[in-house]
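**Q** Sharing target.cif here; it has mmCIF, C-alpha atoms.
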```cif
data_upload
#
loop_
_atom_site.label_atom_id
_atom_site.label_comp_id
_atom_site.auth_asym_id
_atom_site.auth_seq_id
_atom_site.Cartn_x
_atom_site.Cartn_y
_atom_site.Cartn_z
CA MET A 1 -6.16 -101.73 109.58
CA ALA A 2 -5.79 -98.62 107.37
CA GLU A 3 -5.79 -98.98 103.64
CA THR A 4 -2.93 -97.49 101.69
CA PRO A 5 -3.88 -95.37 98.70
CA PRO A 6 -3.14 -96.90 95.30
CA VAL A 7 0.16 -95.93 93.70
CA ARG A 8 -0.37 -93.42 90.90
CA ARG A 9 1.23 -94.69 87.71
CA ARG A 10 2.74 -92.20 85.31
CA PRO A 11 1.25 -92.06 81.84
CA ALA A 12 3.19 -94.10 79.28
CA GLY A 13 6.11 -92.14 77.90
CA GLU A 14 6.04 -89.39 80.52
CA LEU A 15 9.52 -90.15 81.86
CA GLU A 16 11.00 -90.43 78.37
CA ALA A 17 9.40 -87.10 77.45
CA SER A 18 10.86 -85.46 80.57
CA VAL A 19 14.33 -86.81 79.86
CA LEU A 20 14.15 -85.69 76.22
CA ALA A 21 12.99 -82.23 77.31
CA ALA A 22 16.04 -81.96 79.58
CA LEU A 23 18.34 -82.99 76.73
CA TRP A 24 16.70 -80.52 74.30
CA ALA A 25 17.13 -77.70 76.83
CA ALA A 26 20.83 -78.48 77.36
CA GLU A 27 23.57 -76.72 75.44
CA GLY A 28 25.47 -79.96 74.93
CA PRO A 29 25.58 -83.65 75.82
CA LEU A 30 24.55 -84.60 79.35
CA SER A 31 25.52 -87.46 81.63
CA ALA A 32 22.83 -89.42 83.45
CA ALA A 33 23.71 -87.49 86.62
CA ALA A 34 23.31 -84.16 84.79
CA VAL A 35 19.92 -85.26 83.41
CA GLN A 36 18.89 -86.34 86.89
CA SER A 37 19.87 -82.92 88.21
CA ALA A 38 18.05 -81.13 85.37
CA LEU A 39 14.91 -83.06 86.34
CA GLY A 40 15.18 -81.76 89.89
CA GLY A 41 16.68 -84.92 91.36
CA ARG A 42 13.25 -86.50 91.81
CA LEU A 43 14.26 -89.69 89.98
CA ALA A 44 16.92 -92.19 90.96
CA ARG A 45 20.02 -92.10 88.78
CA THR A 46 19.46 -95.76 87.86
CA THR A 47 15.99 -94.84 86.59
CA VAL A 48 17.41 -92.00 84.50
CA THR A 49 20.12 -94.31 83.13
CA THR A 50 17.50 -96.92 82.21
CA ILE A 51 15.40 -94.31 80.39
CA LEU A 52 18.45 -92.98 78.55
CA THR A 53 19.43 -96.53 77.53
CA ARG A 54 15.93 -97.19 76.22
CA LEU A 55 15.94 -93.91 74.29
CA HIS A 56 19.30 -94.88 72.81
CA ASP A 57 17.97 -98.31 71.83
CA LYS A 58 15.01 -96.59 70.13
CA GLY A 59 17.34 -94.29 68.21
CA ALA A 60 16.11 -91.11 69.90
CA VAL A 61 19.45 -90.19 71.51
CA SER A 62 23.10 -90.72 70.74
CA ARG A 63 25.76 -91.38 73.34
CA SER A 64 29.51 -91.09 73.58
CA TRP A 65 32.05 -91.97 76.23
CA VAL A 66 33.00 -89.06 78.44
CA GLY A 67 35.17 -89.90 81.43
CA ARG A 68 33.84 -93.06 83.03
CA GLY A 69 30.37 -93.01 81.51
CA PHE A 70 28.18 -91.91 78.64
CA ALA A 71 27.01 -88.44 77.72
CA TYR A 72 23.74 -88.30 75.80
CA SER A 73 22.44 -85.98 73.07
CA PRO A 74 19.09 -85.92 71.31
CA ILE A 75 19.27 -86.99 67.68
CA GLN A 76 16.32 -84.85 66.60
CA ASP A 77 14.26 -81.97 67.89
CA SER A 78 10.72 -82.57 69.16
CA ALA A 79 9.09 -82.14 65.75
CA GLY A 80 11.59 -84.49 64.10
CA LEU A 81 11.02 -87.12 66.76
CA THR A 82 7.24 -86.89 66.32
CA ALA A 83 7.62 -87.24 62.56
CA ARG A 84 9.86 -90.28 62.99
CA ARG A 85 7.36 -91.91 65.37
CA MET A 86 4.53 -91.30 62.93
CA ARG A 87 6.58 -92.82 60.12
CA ASN A 88 7.49 -95.86 62.25
CA GLU A 89 3.82 -96.47 63.02
CA LEU A 90 2.91 -96.13 59.35
CA ASP A 91 5.67 -98.58 58.42
CA LYS A 92 4.02 -101.20 60.66
CA GLN A 93 0.76 -101.08 58.70
CA PRO A 94 0.19 -103.55 55.87
CA ASP A 95 -2.46 -101.22 54.40
CA ARG A 96 -0.75 -97.82 54.43
CA GLY A 97 -3.53 -96.21 52.39
CA THR A 98 -6.22 -97.03 54.92
CA ALA A 99 -4.02 -95.87 57.80
CA LEU A 100 -3.34 -92.55 56.05
CA VAL A 101 -7.01 -92.05 55.17
CA ARG A 102 -8.03 -92.63 58.78
CA PHE A 103 -5.31 -90.29 60.03
CA VAL A 104 -6.33 -87.51 57.63
CA SER A 105 -10.04 -87.99 58.40
CA GLN A 106 -9.33 -87.28 62.07
CA LEU A 107 -7.43 -84.02 61.48
CA THR A 108 -8.91 -80.74 62.62
CA GLY A 109 -9.87 -78.30 59.87
CA GLU A 110 -6.81 -76.21 60.67
CA ASP A 111 -4.46 -79.20 60.49
CA ALA A 112 -6.05 -80.41 57.25
CA GLU A 113 -5.50 -76.98 55.71
CA LEU A 114 -1.87 -76.97 56.87
CA LEU A 115 -1.36 -80.40 55.34
CA ARG A 116 -2.96 -79.26 52.06
CA ASN A 117 -0.57 -76.31 51.96
CA LEU A 118 2.45 -78.47 52.71
CA LEU A 119 1.55 -81.04 50.06
CA GLY A 120 0.85 -78.26 47.57
CA GLY A 121 4.39 -76.92 47.87
CA ALA A 122 3.59 -74.06 50.24
CA GLY A 123 5.80 -75.79 52.82
CA ASP A 124 9.03 -75.14 50.91
CA GLY A 125 10.12 -72.73 53.63
CA VAL A 126 9.33 -75.16 56.44
CA PRO A 127 12.44 -76.93 57.79
CA GLY A 128 12.13 -80.54 56.76
CA GLY A 129 9.07 -79.74 54.64
CA PRO A 130 8.40 -81.14 51.18
CA GLN A 131 9.90 -79.62 48.08
CA SER A 132 7.80 -77.86 45.47
CA GLY A 133 5.97 -80.22 43.16
CA ALA A 134 5.14 -82.79 45.83
CA GLY A 135 1.54 -82.70 44.64
CA GLY A 136 -1.64 -82.97 46.64
CA GLY A 137 -3.29 -86.13 47.77
CA PRO A 138 -6.86 -87.19 47.16
CA GLY A 139 -9.40 -85.88 49.59
CA LEU A 140 -7.21 -83.05 50.83
#
```
Written as structure tokens, that's how I'd like the structure from this file.
**A**
Amino acid sequence: MAETPPVRRRPAGELEASVLAALWAAEGPLSAAAVQSALGGRLARTTVTTILTRLHDKGAVSRSWVGRGFAYSPIQDSAGLTARRMRNELDKQPDRGTALVRFVSQLTGEDAELLRNLLGGAGDGVPGGPQSGAGGGPGL
């Protein structure tokens, strides 16, 4: 009797990332069928609908009635979504200081320098960046 190869599982979040990428690339709201098409039709429409519903429940996409179903739009761009996820994780921590120290200690030199500049007010021209006078943090 021949053995069947194990089913390869997708990394966590891969499908959500693909769906969000399709929405970001679109010029307007997309239905589940349009997202499915944008992804090359390799996923079942029910799978795409489930992913879109989960993204809506997480606050990553908005939806509105169009015809007989929903059309979906991303709420934020990729950078905004990453920032929101980082903030949500930080909000879960009872000891925010320790979490921030550990995060900063794991930054590359380049990222640490960027963060220093942003906290020092050099990020005033960065969309969504801090305003001048934000001040620097210890250890940066």
**Q** Between A:Leu15, A:Ala25, A:Thr47, A:Gly59, which one has atoms that come closest to Asn88 of chain A, using only C-alpha atoms?
**A** A:Gly59
**Q** Kindly give the distance, in Å, that separates atom CA of Phe103 of chain A and atom CA of Arg116 of chain A, rounded to a single decimal.
**A**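 That distance, rounded to one decimal, is 13.8 Å.
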**Q** On this structure, the PyMOL selection byres ((chain A and resi 72) around 7) would catch which residues? List them as a PDB file with C-alpha atoms, keeping the file's coordinate frame, sorted by chain and number.
**A**
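Result written to out_28.pdb:
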```
ATOM      1  CA  PRO A  29      25.580 -83.650  75.820  1.00  0.00           C
ATOM      2  CA  LEU A  30      24.550 -84.600  79.350  1.00  0.00           C
ATOM      3  CA  SER A  31      25.520 -87.460  81.630  1.00  0.00           C
ATOM      4  CA  VAL A  61      19.450 -90.190  71.510  1.00  0.00           C
ATOM      5  CA  SER A  62      23.100 -90.720  70.740  1.00  0.00           C
ATOM      6  CA  ARG A  63      25.760 -91.380  73.340  1.00  0.00           C
ATOM      7  CA  SER A  64      29.510 -91.090  73.580  1.00  0.00           C
ATOM      8  CA  PHE A  70      28.180 -91.910  78.640  1.00  0.00           C
ATOM      9  CA  ALA A  71      27.010 -88.440  77.720  1.00  0.00           C
ATOM     10  CA  SER A  73      22.440 -85.980  73.070  1.00  0.00           C
ATOM     11  CA  PRO A  74      19.090 -85.920  71.310  1.00  0.00           C
TER      12      PRO A  74
END
```
**Q** Have a look at atom CA of Leu118 of chain A and atom CA of Leu81 of chain A and let me know their distance in Å, one decimal.
**A**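 So the two atoms, atom CA of Leu118 of chain A and atom CA of Leu81 of chain A, lie 18.6 Å apart.
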**Q** Interatomic distance between atom CA of Gly41 of chain A and atom CA of Gly13 of chain A?
**A** 18.6 Å
**Q** For Leu52 of chain A, which residue out of A:Leu90, A:Leu107, A:Ala79, A:Ala32 is the nearest one, using all atoms listed in the file?
**A**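 Of all the options, A:Ala32 lies closest to Leu52 of chain A.
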**Q** Taking the file as shown, find all residues satisfying the PyMOL selection byres ((chain A and resi 17) around 12) and write them as JSON, numbers by chain.
**A** {"A": [10, 11, 12, 13, 14, 15, 16, 18, 19, 20, 21, 22, 23, 24, 39, 48, 51, 52, 55, 60, 74, 77, 78, 81, 82]}
